[in-house]
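Asks: Enclosed is the structure file coords_35.txt (compact mmCIF, C-alpha atoms).
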# COMPACT_ATOMS: atom_id res chain seq x y z
CA MET I 4 0.00 0.00 0.00
CA ILE I 5 2.76 2.47 0.96
CA PHE I 6 4.76 1.54 -2.14
CA LEU I 7 1.72 2.30 -4.32
CA ARG I 8 1.37 5.77 -2.77
CA ILE I 9 5.07 6.48 -3.31
CA ARG I 10 4.81 5.22 -6.89
CA HIS I 11 1.73 7.37 -7.55
CA ARG I 12 3.35 10.52 -6.15
CA PHE I 13 6.64 9.80 -7.95
CA HIS I 14 5.07 10.88 -11.24
CA GLN I 15 3.96 14.17 -9.69
CA ARG I 16 7.41 14.82 -8.23
CA ALA I 17 9.76 13.44 -10.87
CA SER I 18 11.68 16.74 -11.01
CA GLU I 19 12.32 16.57 -7.27
CA TRP I 20 13.46 12.94 -7.46
CA PHE I 21 15.88 13.85 -10.25
CA CYS I 22 17.33 16.86 -8.42
CA ALA I 23 17.66 14.97 -5.12
CA ALA I 24 19.36 11.97 -6.75
CA ASN I 25 21.61 14.30 -8.75
CA MET I 26 22.67 16.14 -5.59
CA LEU I 27 23.47 12.86 -3.85
CA GLN I 28 25.48 11.70 -6.85
CA PHE I 29 27.33 15.02 -7.07
CA GLY I 30 28.20 14.86 -3.37
CA LEU I 31 29.44 11.27 -3.65
CA THR I 32 31.57 12.23 -6.65
CA LEU I 33 33.19 15.04 -4.68
CA MET I 34 33.99 12.67 -1.82
CA HIS I 35 36.02 10.49 -4.20
CA LYS I 36 39.79 10.89 -3.91
CA SER I 37 40.17 12.50 -7.36
CA GLN I 38 40.78 16.24 -7.43
CA THR I 39 37.57 17.60 -8.96
CA PHE I 40 38.17 21.10 -7.59
CA ASP I 41 41.32 21.54 -9.69
CA SER I 42 39.06 23.06 -12.36
CA PRO I 43 38.45 26.81 -12.02
CA ALA I 44 34.71 26.09 -12.37
CA TYR I 45 34.54 25.08 -8.69
CA THR I 46 36.00 28.29 -7.26
CA ALA I 47 32.80 29.09 -5.32
CA PHE I 48 33.08 25.81 -3.39
CA ARG I 49 36.81 25.68 -2.63
CA TRP I 50 36.57 27.49 0.73
CA LEU I 51 34.87 24.48 2.31
CA GLY I 52 37.09 21.88 0.68
CA GLU I 53 36.15 19.08 -1.66
CA ALA I 54 35.34 16.40 0.93
CA TRP I 55 33.26 18.72 3.12
CA THR I 56 31.41 20.16 0.14
CA GLY I 57 30.72 16.63 -1.07
CA ALA I 58 29.48 15.59 2.36
CA ALA I 59 27.23 18.65 2.66
CA VAL I 60 25.75 18.43 -0.84
CA GLY I 61 25.45 14.63 -0.68
CA SER I 62 23.76 14.82 2.72
CA CYS I 63 21.27 17.36 1.41
CA GLY I 64 20.49 15.08 -1.53
CA PHE I 65 20.11 12.11 0.82
CA VAL I 66 17.80 14.03 3.18
CA TRP I 67 15.79 15.22 0.18
CA LEU I 68 15.39 11.63 -1.05
CA CYS I 69 14.35 10.51 2.44
CA GLY I 70 11.84 13.36 2.57
CA LEU I 71 10.40 12.28 -0.76
CA ILE I 72 10.09 8.68 0.41
CA VAL I 73 8.39 9.68 3.67
CA ASN I 74 6.22 12.25 1.91
CA GLY I 75 5.23 9.63 -0.62
CA ALA I 76 3.88 7.52 2.21
CA ARG I 77 2.41 10.36 4.28
CA GLN I 78 1.11 13.44 2.52
CA ARG I 79 1.99 16.31 4.89
CA VAL I 80 5.03 15.23 6.82
CA THR I 81 8.10 16.57 5.08
CA SER I 82 7.18 19.49 2.85
CA THR I 83 9.38 21.92 4.83
CA ILE I 84 12.40 19.62 4.48
CA ARG I 85 11.69 19.18 0.78
CA ALA I 86 11.37 22.96 0.33
CA TRP I 87 14.71 23.68 2.04
CA CYS I 88 16.46 20.97 0.05
CA ALA I 89 15.00 22.31 -3.21
CA PHE I 90 16.21 25.81 -2.28
CA VAL I 91 19.71 24.53 -1.45
CA GLY I 92 19.70 22.52 -4.68
CA ALA I 93 18.79 25.56 -6.76
CA LEU I 94 21.55 27.53 -5.04
CA VAL I 95 24.19 24.82 -5.53
CA TYR I 96 23.31 24.30 -9.18
CA GLY I 97 23.16 28.03 -9.82
CA LEU I 98 26.63 28.48 -8.30
CA LEU I 99 27.92 25.63 -10.43
CA ALA I 100 26.52 27.25 -13.59
CA LEU I 101 28.18 30.55 -12.64
CA GLY I 102 31.41 28.71 -11.86
CA PHE I 103 31.48 27.11 -15.28
CA LEU I 104 30.68 30.47 -16.85
CA TRP I 105 33.58 32.01 -14.89
CA SER I 106 35.83 29.17 -16.04
CA PHE I 107 34.86 29.90 -19.65
CA LYS I 108 35.73 33.58 -19.15
CA MET I 109 39.14 32.60 -17.74
CA THR I 110 40.13 29.76 -20.07
CA ASN I 111 38.00 30.39 -23.17
CA LEU I 112 37.00 26.70 -23.06
CA LEU I 113 33.26 26.29 -23.32
CA SER I 114 31.74 23.56 -21.14
CA THR I 115 28.34 21.92 -21.14
CA GLY I 116 28.31 22.58 -17.39
CA ILE I 117 27.06 26.14 -17.93
CA GLY I 118 23.77 25.21 -19.54
CA ASN I 119 23.40 21.89 -17.77
CA TYR I 120 23.67 23.27 -14.25
CA ALA I 121 21.62 26.37 -15.11
CA LEU I 122 18.79 24.14 -16.32
CA VAL I 123 19.00 21.86 -13.28
CA SER I 124 18.87 24.99 -11.09
CA VAL I 125 15.68 26.02 -12.88
CA LEU I 126 14.34 22.49 -12.36
CA ALA I 127 15.07 22.73 -8.63
CA LEU I 128 13.23 26.08 -8.52
CA TYR I 129 10.33 24.43 -10.34
CA ALA I 130 10.33 21.69 -7.69
CA LEU I 131 10.44 24.35 -4.94
CA PHE I 132 7.44 26.11 -6.48
CA HIS I 133 5.43 22.89 -6.45
CA VAL I 134 6.49 21.97 -2.91
CA MET I 135 5.30 25.36 -1.71
CA ARG I 136 2.04 25.01 -3.64
CA ASP I 137 1.47 21.57 -2.06
CA LYS I 138 2.27 23.03 1.35
CA ARG I 139 -0.27 25.84 0.87
CA GLU I 140 -2.99 23.50 -0.35
CA GLN I 141 -2.51 20.77 2.26
CA GLY I 142 -1.25 22.68 5.28
Can you turn what I pasted into structure tokens?
Replies:
Amino acid sequence: MIFLRIRHRFHQRASEWFCAANMLQFGLTLMHKSQTFDSPAYTAFRWLGEAWTGAAVGSCGFVWLCGLIVNGARQRVTSTIRAWCAFVGALVYGLLALGFLWSFKMTNLLSTGIGNYALVSVLALYALFHVMRDKREQG
């Protein structure tokens, strides 16, 4: 029964599921021993360090996924958590898009990261809009 409710709500929240899973994957990638931050595109995140940034972003993605699972089983439980995670996701992806744009300005090497992360940021904002609409309608 619970699985059916999660499955039904998955279609309504596919953008959230994508953003949450993408954040978790991004965080796990940063926690790998390779030096991802060697690229100038990640300048905005260097102050925290690669492992800590990965842990923070990955944890947010994990919490977001947990919120979606719980909210799929119970309608009104986790909308605030989902909203905060969507906001953080939009911020992270927006900073990544700006970082890749900055890298292009510095190196004159165009990357797909600019458009990709800008669009995922818009998708996270779309998810945030719908979380807030659900929250208003259901309390």
Asks: Here is a test: counting only C-alpha atoms, which residue of I:Ala44, I:Ala23, I:Ala17, I:Ala89 is nearest to Trp105 in chain I?
Replies: I:Ala44
Asks: Neighbours of range 126-135 of chain I within 10 Å (only C-alpha atoms; same-chain residues fewer than 4 positions away dropped), as a ChimeraX atom specification?
Replies: /I:15-23,81-97,120-122,139-142
Asks: How would the residues just chosen look if you wrote them out with C-alpha atoms as a short mmCIF file (atom, residue, chain, number, x, y, z; two decimals), in the frame of the given file?
Replies:
data_model
loop_
_atom_site.label_atom_id
_atom_site.label_comp_id
_atom_site.auth_asym_id
_atom_site.auth_seq_id
_atom_site.Cartn_x
_atom_site.Cartn_y
_atom_site.Cartn_z
CA GLN I 15 3.96 14.17 -9.69
CA ARG I 16 7.41 14.82 -8.23
CA ALA I 17 9.76 13.44 -10.87
CA SER I 18 11.68 16.74 -11.01
CA GLU I 19 12.32 16.57 -7.27
CA TRP I 20 13.46 12.94 -7.46
CA PHE I 21 15.88 13.85 -10.25
CA CYS I 22 17.33 16.86 -8.42
CA ALA I 23 17.66 14.97 -5.12
CA THR I 81 8.10 16.57 5.08
CA SER I 82 7.18 19.49 2.85
CA THR I 83 9.38 21.92 4.83
CA ILE I 84 12.40 19.62 4.48
CA ARG I 85 11.69 19.18 0.78
CA ALA I 86 11.37 22.96 0.33
CA TRP I 87 14.71 23.68 2.04
CA CYS I 88 16.46 20.97 0.05
CA ALA I 89 15.00 22.31 -3.21
CA PHE I 90 16.21 25.81 -2.28
CA VAL I 91 19.71 24.53 -1.45
CA GLY I 92 19.70 22.52 -4.68
CA ALA I 93 18.79 25.56 -6.76
CA LEU I 94 21.55 27.53 -5.04
CA VAL I 95 24.19 24.82 -5.53
CA TYR I 96 23.31 24.30 -9.18
CA GLY I 97 23.16 28.03 -9.82
CA TYR I 120 23.67 23.27 -14.25
CA ALA I 121 21.62 26.37 -15.11
CA LEU I 122 18.79 24.14 -16.32
CA ARG I 139 -0.27 25.84 0.87
CA GLU I 140 -2.99 23.50 -0.35
CA GLN I 141 -2.51 20.77 2.26
CA GLY I 142 -1.25 22.68 5.28
#
Asks: For Gly102 in chain I, list every protein, DNA or RNA residue within 10 Å, evaluated using only C-alpha atoms, and leave out those in the same chain fewer than 2 positions away; present the list as a list in words.
Replies: Ser42, Pro43, Ala44, Tyr45, Thr46, Ala47, Phe48, Tyr96, Gly97, Leu98, Leu99, Ala100, Leu104, Trp105, Ser106, Phe107, Lys108, Gly116, Ile117 and Tyr120 of chain I
Asks: I:Leu51, I:Gly61, I:Arg136, I:Phe103: which is nearest Leu33 in chain I, counting only C-alpha atoms?
Replies: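 Of the candidates, the smallest distance to Leu33 in chain I is held by I:Gly61.
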Asks: Can you tell me how far CA of Ala59 in chain I sits from CA of Gly118 in chain I, in Å to one decimal?
Replies: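 Spanning CA of Ala59 in chain I to CA of Gly118 in chain I is a straight-line distance of 23.4 Å.
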Asks: With only C-alpha atoms as the basis for distance, which of I:Leu31, I:Ala24, I:Thr39, I:Gly52 is at the shortest distance from Gly64 in chain I?
Replies: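 Ranked by minimum distance to Gly64 in chain I, first place goes to I:Ala24.
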Asks: What gap, in Å, lies between CA of Glu53 in chain I and CA of Gly70 in chain I?
Replies: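 Separation of CA of Glu53 in chain I and CA of Gly70 in chain I: 25.3 Å.
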Asks: May I ask for the distance between CA of Ala58 in chain I and CA of Met26 in chain I, given in Å to one decimal place?
Replies: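 About the pair CA of Ala58 in chain I and CA of Met26 in chain I: they are 10.5 Å apart.
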Asks: If we count only C-alpha atoms and set the cut-off at 8 Å, which residues sit around Val60 in chain I, ignoring sequence neighbours fewer than 2 positions away in its own chain? Please answer as an MDAnalysis selection string.
Replies: chainID I and resid 26:27 29:30 56:58 62:64
Asks: Is it possible to get the axis-aligned box enclosing range 86-93 of chain I (all listed atoms, 3 Å extra per side) as AutoDock Vina command-line options, with centre and edge lengths in Å rounded to one decimal?
Replies:
--center_x 15.5 --center_y 23.4 --center_z -2.4 --size_x 14.3 --size_y 10.8 --size_z 14.8
